[in-house]
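> First, the structure itself, so that you have it in front of you.
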Amino acid sequence: MDSSIISLKLTDQATKQMLQNLVDRKLKFDRLKQRHIILLWISVLYSFTCLYFLYYFILEPYSYSFADIFSIIVGENNHLFFLFIAIGTFGATKVLYEKKEKAEKEYHELRCEIIDRSKDLWKNEAWKSRNVVFEMMKEKYNINLYHESK
């Protein structure tokens, strides 16, 4: 458990564990979001590079015949290999996007649950000091516990 969460006063152990789970899910979501963006840019740049070489080395010299273009693309294994890599990178980007969306949904659901149950989690004396917890989560982890909207 993170030291800043452990050091919270007037917060019970179960609430601290919920806050730690929230931080872990936020980190997982941020990590997947960053990987998705990087893989998306790699896919786009790789595809444009493949299209550039396809155009200048195959389409332009053999533009008089579609059969020649098709036979050159299919005839050499390297051309098909590079095209399959381009398709594969976009497929991997889609899979990573779905993982990112699932992680965001889990993170948002837990955050909303903490917001909804805040009256139960911080009772009596602790209710006045929950502001300290919310501010710490906002500043240190960029997690807004004041409102449910993203």
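Each chain of the structure tokens is named A, B, ... in the order shown, its residues numbered from 1; ligands are numbered from 1 in display order.
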Would you list, as a VMD selection string, the residues of chain A that end up in alpha helix (DSSP H) under DSSP run on this structure's backbone?
chain A and resid 3 to 6 13 to 54 66 to 75 77 to 116 118 to 121 125 to 141
> Show me, as a list of chain:residue names, the residues that have an atom within 9 Å of A:Ile6 when counting only C-alpha atoms, minus same-chain residues fewer than 5 positions from it.
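So, after excluding close chain neighbours, the residues are A:Met1, A:Gln13, A:Lys16.
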> Selected residues, N, CA and C atoms, written as a compact mmCIF listing (two decimals), in the first residue's frame, please.

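Saved the output as selection12.txt:
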# COMPACT_ATOMS: atom_id res chain seq x y z
N MET A 1 0.85 -1.17 0.00
CA MET A 1 0.00 0.00 0.00
C MET A 1 0.90 1.24 0.00
N GLN A 13 -9.14 0.82 7.72
CA GLN A 13 -8.32 -0.02 6.85
C GLN A 13 -9.05 -0.41 5.57
N LYS A 16 -8.97 2.51 3.23
CA LYS A 16 -7.61 2.65 2.67
C LYS A 16 -7.38 1.63 1.56
> When distances are computed from only C-alpha atoms, which of A:Phe82, A:Phe57, A:Tyr146, A:Tyr46 shows the smallest separation from A:Asn131?
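Nearest to A:Asn131: A:Tyr146.
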> Nearest residue to A:Lys33 out of A:Ala14, A:Ile5, A:Leu96, A:Leu45, using only C-alpha atoms?
A:Leu96
> Mind checking which residues fall within 10 Å of stretch 135-139 of chain A, counting only C-alpha atoms, ignoring those fewer than 5 positions away in the same chain, and posting them as a VMD selection string?
chain A and resid 4 to 5 8 19 22 to 23 130 144 to 146
> Restricting the output to N, CA and C atoms, write the selected residues as an mmCIF file, in the first residue's frame.

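The resulting result_38.cif:
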data_model
loop_
_atom_site.group_PDB
_atom_site.id
_atom_site.type_symbol
_atom_site.label_atom_id
_atom_site.label_comp_id
_atom_site.auth_asym_id
_atom_site.auth_seq_id
_atom_site.Cartn_x
_atom_site.Cartn_y
_atom_site.Cartn_z
ATOM 1 N N SER A 4 1.347 7.371 1.310
ATOM 2 C CA SER A 4 0.426 8.493 1.533
ATOM 3 C C SER A 4 -0.968 7.998 1.903
ATOM 4 N N ILE A 5 -1.344 6.825 1.434
ATOM 5 C CA ILE A 5 -2.649 6.263 1.803
ATOM 6 C C ILE A 5 -2.579 5.672 3.208
ATOM 7 N N LEU A 8 -3.038 8.221 6.166
ATOM 8 C CA LEU A 8 -4.312 8.933 6.348
ATOM 9 C C LEU A 8 -4.873 8.673 7.735
ATOM 10 N N LEU A 19 -9.159 2.788 -1.522
ATOM 11 C CA LEU A 19 -8.405 3.866 -2.164
ATOM 12 C C LEU A 19 -7.182 3.316 -2.898
ATOM 13 N N LEU A 22 -8.289 1.777 -6.063
ATOM 14 C CA LEU A 22 -8.599 2.839 -7.017
ATOM 15 C C LEU A 22 -7.326 3.363 -7.669
ATOM 16 N N VAL A 23 -6.291 3.569 -6.887
ATOM 17 C CA VAL A 23 -5.014 4.044 -7.424
ATOM 18 C C VAL A 23 -4.429 3.006 -8.387
ATOM 19 N N ARG A 130 -12.686 14.182 5.488
ATOM 20 C CA ARG A 130 -12.632 13.512 4.185
ATOM 21 C C ARG A 130 -12.109 14.448 3.111
ATOM 22 N N ASN A 144 -10.330 12.474 -9.084
ATOM 23 C CA ASN A 144 -11.331 13.391 -8.560
ATOM 24 C C ASN A 144 -12.421 12.595 -7.843
ATOM 25 N N LEU A 145 -12.534 12.773 -6.546
ATOM 26 C CA LEU A 145 -13.570 12.093 -5.767
ATOM 27 C C LEU A 145 -14.699 13.031 -5.356
ATOM 28 N N TYR A 146 -14.693 14.241 -5.889
ATOM 29 C CA TYR A 146 -15.746 15.188 -5.550
ATOM 30 C C TYR A 146 -16.994 14.975 -6.400
#
> Using only C-alpha atoms, which residue out of A:His108, A:His36, A:Lys9, A:His147 lies closest to A:Lys128?
A:Lys9
> Give me the residues within 12 Å of A:Arg117 as a compact mmCIF listing (two decimals) with all heavy atoms, in the first residue's frame, counting only C-alpha atoms and dropping any in the same chain fewer than 3 places off.

# COMPACT_ATOMS: atom_id res chain seq x y z
N THR A 15 -11.35 1.30 3.95
CA THR A 15 -11.37 2.47 3.08
C THR A 15 -10.01 2.69 2.45
O THR A 15 -9.92 3.02 1.26
CB THR A 15 -11.82 3.71 3.87
OG1 THR A 15 -13.07 3.44 4.50
CG2 THR A 15 -11.96 4.90 2.95
N MET A 18 -9.69 0.31 -0.35
CA MET A 18 -10.47 0.75 -1.51
C MET A 18 -9.74 1.86 -2.27
O MET A 18 -9.70 1.86 -3.50
CB MET A 18 -11.85 1.24 -1.08
CG MET A 18 -12.81 0.15 -0.70
SD MET A 18 -14.43 0.79 -0.22
CE MET A 18 -15.09 1.27 -1.80
N LEU A 110 -15.37 1.94 -9.76
CA LEU A 110 -14.87 1.96 -8.39
C LEU A 110 -14.85 3.39 -7.85
O LEU A 110 -15.20 3.63 -6.69
CB LEU A 110 -13.49 1.33 -8.30
CG LEU A 110 -12.89 1.25 -6.89
CD1 LEU A 110 -13.79 0.44 -5.97
CD2 LEU A 110 -11.51 0.66 -6.94
N ARG A 111 -14.48 4.33 -8.68
CA ARG A 111 -14.45 5.74 -8.26
C ARG A 111 -15.86 6.21 -7.91
O ARG A 111 -16.07 6.85 -6.87
CB ARG A 111 -13.86 6.59 -9.39
CG ARG A 111 -13.52 8.00 -8.97
CD ARG A 111 -12.86 8.75 -10.11
NE ARG A 111 -13.78 9.00 -11.19
CZ ARG A 111 -14.67 9.99 -11.22
NH1 ARG A 111 -14.74 10.83 -10.21
NH2 ARG A 111 -15.47 10.14 -12.24
N CYS A 112 -16.83 5.86 -8.73
CA CYS A 112 -18.22 6.24 -8.45
C CYS A 112 -18.73 5.55 -7.19
O CYS A 112 -19.50 6.14 -6.43
CB CYS A 112 -19.11 5.91 -9.64
SG CYS A 112 -18.85 7.01 -11.05
N GLU A 113 -18.32 4.31 -6.97
CA GLU A 113 -18.74 3.61 -5.75
C GLU A 113 -18.19 4.29 -4.50
O GLU A 113 -18.91 4.45 -3.51
CB GLU A 113 -18.27 2.15 -5.80
CG GLU A 113 -18.69 1.35 -4.61
CD GLU A 113 -18.20 -0.08 -4.65
OE1 GLU A 113 -17.73 -0.52 -5.70
OE2 GLU A 113 -18.28 -0.74 -3.60
N ILE A 114 -16.95 4.72 -4.55
CA ILE A 114 -16.37 5.42 -3.40
C ILE A 114 -17.11 6.74 -3.17
O ILE A 114 -17.39 7.11 -2.03
CB ILE A 114 -14.86 5.64 -3.61
CG1 ILE A 114 -14.13 4.31 -3.52
CG2 ILE A 114 -14.31 6.62 -2.58
CD1 ILE A 114 -12.66 4.38 -3.83
N ASP A 120 -20.83 6.54 4.18
CA ASP A 120 -20.63 5.34 5.00
C ASP A 120 -19.16 5.14 5.35
O ASP A 120 -18.84 4.60 6.41
CB ASP A 120 -21.14 4.10 4.26
CG ASP A 120 -22.63 4.16 4.00
OD1 ASP A 120 -23.33 4.84 4.78
OD2 ASP A 120 -23.09 3.55 3.02
N LEU A 121 -18.29 5.53 4.45
CA LEU A 121 -16.85 5.31 4.66
C LEU A 121 -16.26 6.28 5.68
O LEU A 121 -15.35 5.92 6.43
CB LEU A 121 -16.09 5.42 3.33
CG LEU A 121 -16.46 4.38 2.27
CD1 LEU A 121 -15.76 4.71 0.96
CD2 LEU A 121 -16.10 2.99 2.73
N TRP A 122 -16.74 7.51 5.69
CA TRP A 122 -16.26 8.50 6.65
C TRP A 122 -17.45 8.93 7.51
O TRP A 122 -18.28 9.74 7.10
CB TRP A 122 -15.68 9.71 5.92
CG TRP A 122 -14.40 9.41 5.23
CD1 TRP A 122 -13.16 9.36 5.80
CD2 TRP A 122 -14.21 9.09 3.85
NE1 TRP A 122 -12.22 9.03 4.86
CE2 TRP A 122 -12.83 8.86 3.65
CE3 TRP A 122 -15.06 8.96 2.76
CZ2 TRP A 122 -12.30 8.53 2.41
CZ3 TRP A 122 -14.54 8.63 1.54
CH2 TRP A 122 -13.17 8.42 1.38
N LYS A 123 -17.51 8.40 8.69
CA LYS A 123 -18.64 8.67 9.59
C LYS A 123 -18.24 9.68 10.66
O LYS A 123 -17.07 9.79 11.02
CB LYS A 123 -19.11 7.38 10.27
CG LYS A 123 -19.66 6.37 9.29
CD LYS A 123 -20.05 5.10 9.99
CE LYS A 123 -20.52 4.08 8.97
NZ LYS A 123 -20.77 2.79 9.57
N TRP A 127 -16.04 12.49 8.73
CA TRP A 127 -16.71 13.18 7.63
C TRP A 127 -16.13 14.57 7.41
O TRP A 127 -16.02 15.03 6.27
CB TRP A 127 -18.21 13.28 7.94
CG TRP A 127 -18.98 14.01 6.87
CD1 TRP A 127 -19.50 15.25 6.96
CD2 TRP A 127 -19.28 13.53 5.56
NE1 TRP A 127 -20.12 15.60 5.78
CE2 TRP A 127 -20.00 14.55 4.90
CE3 TRP A 127 -19.03 12.35 4.88
CZ2 TRP A 127 -20.46 14.41 3.60
CZ3 TRP A 127 -19.50 12.22 3.58
CH2 TRP A 127 -20.20 13.24 2.96
N LEU A 145 -12.53 12.77 -6.55
CA LEU A 145 -13.57 12.09 -5.77
C LEU A 145 -14.70 13.03 -5.36
O LEU A 145 -15.56 12.66 -4.56
CB LEU A 145 -12.94 11.45 -4.52
CG LEU A 145 -11.98 10.31 -4.78
CD1 LEU A 145 -11.34 9.83 -3.48
CD2 LEU A 145 -12.66 9.16 -5.50
N GLU A 148 -18.94 12.63 -9.78
CA GLU A 148 -18.92 11.37 -10.52
C GLU A 148 -18.58 11.53 -11.98
O GLU A 148 -18.17 10.59 -12.63
CB GLU A 148 -20.29 10.67 -10.40
CG GLU A 148 -20.53 10.08 -9.05
CD GLU A 148 -21.80 9.27 -8.99
OE1 GLU A 148 -22.33 8.92 -10.05
OE2 GLU A 148 -22.25 8.99 -7.88
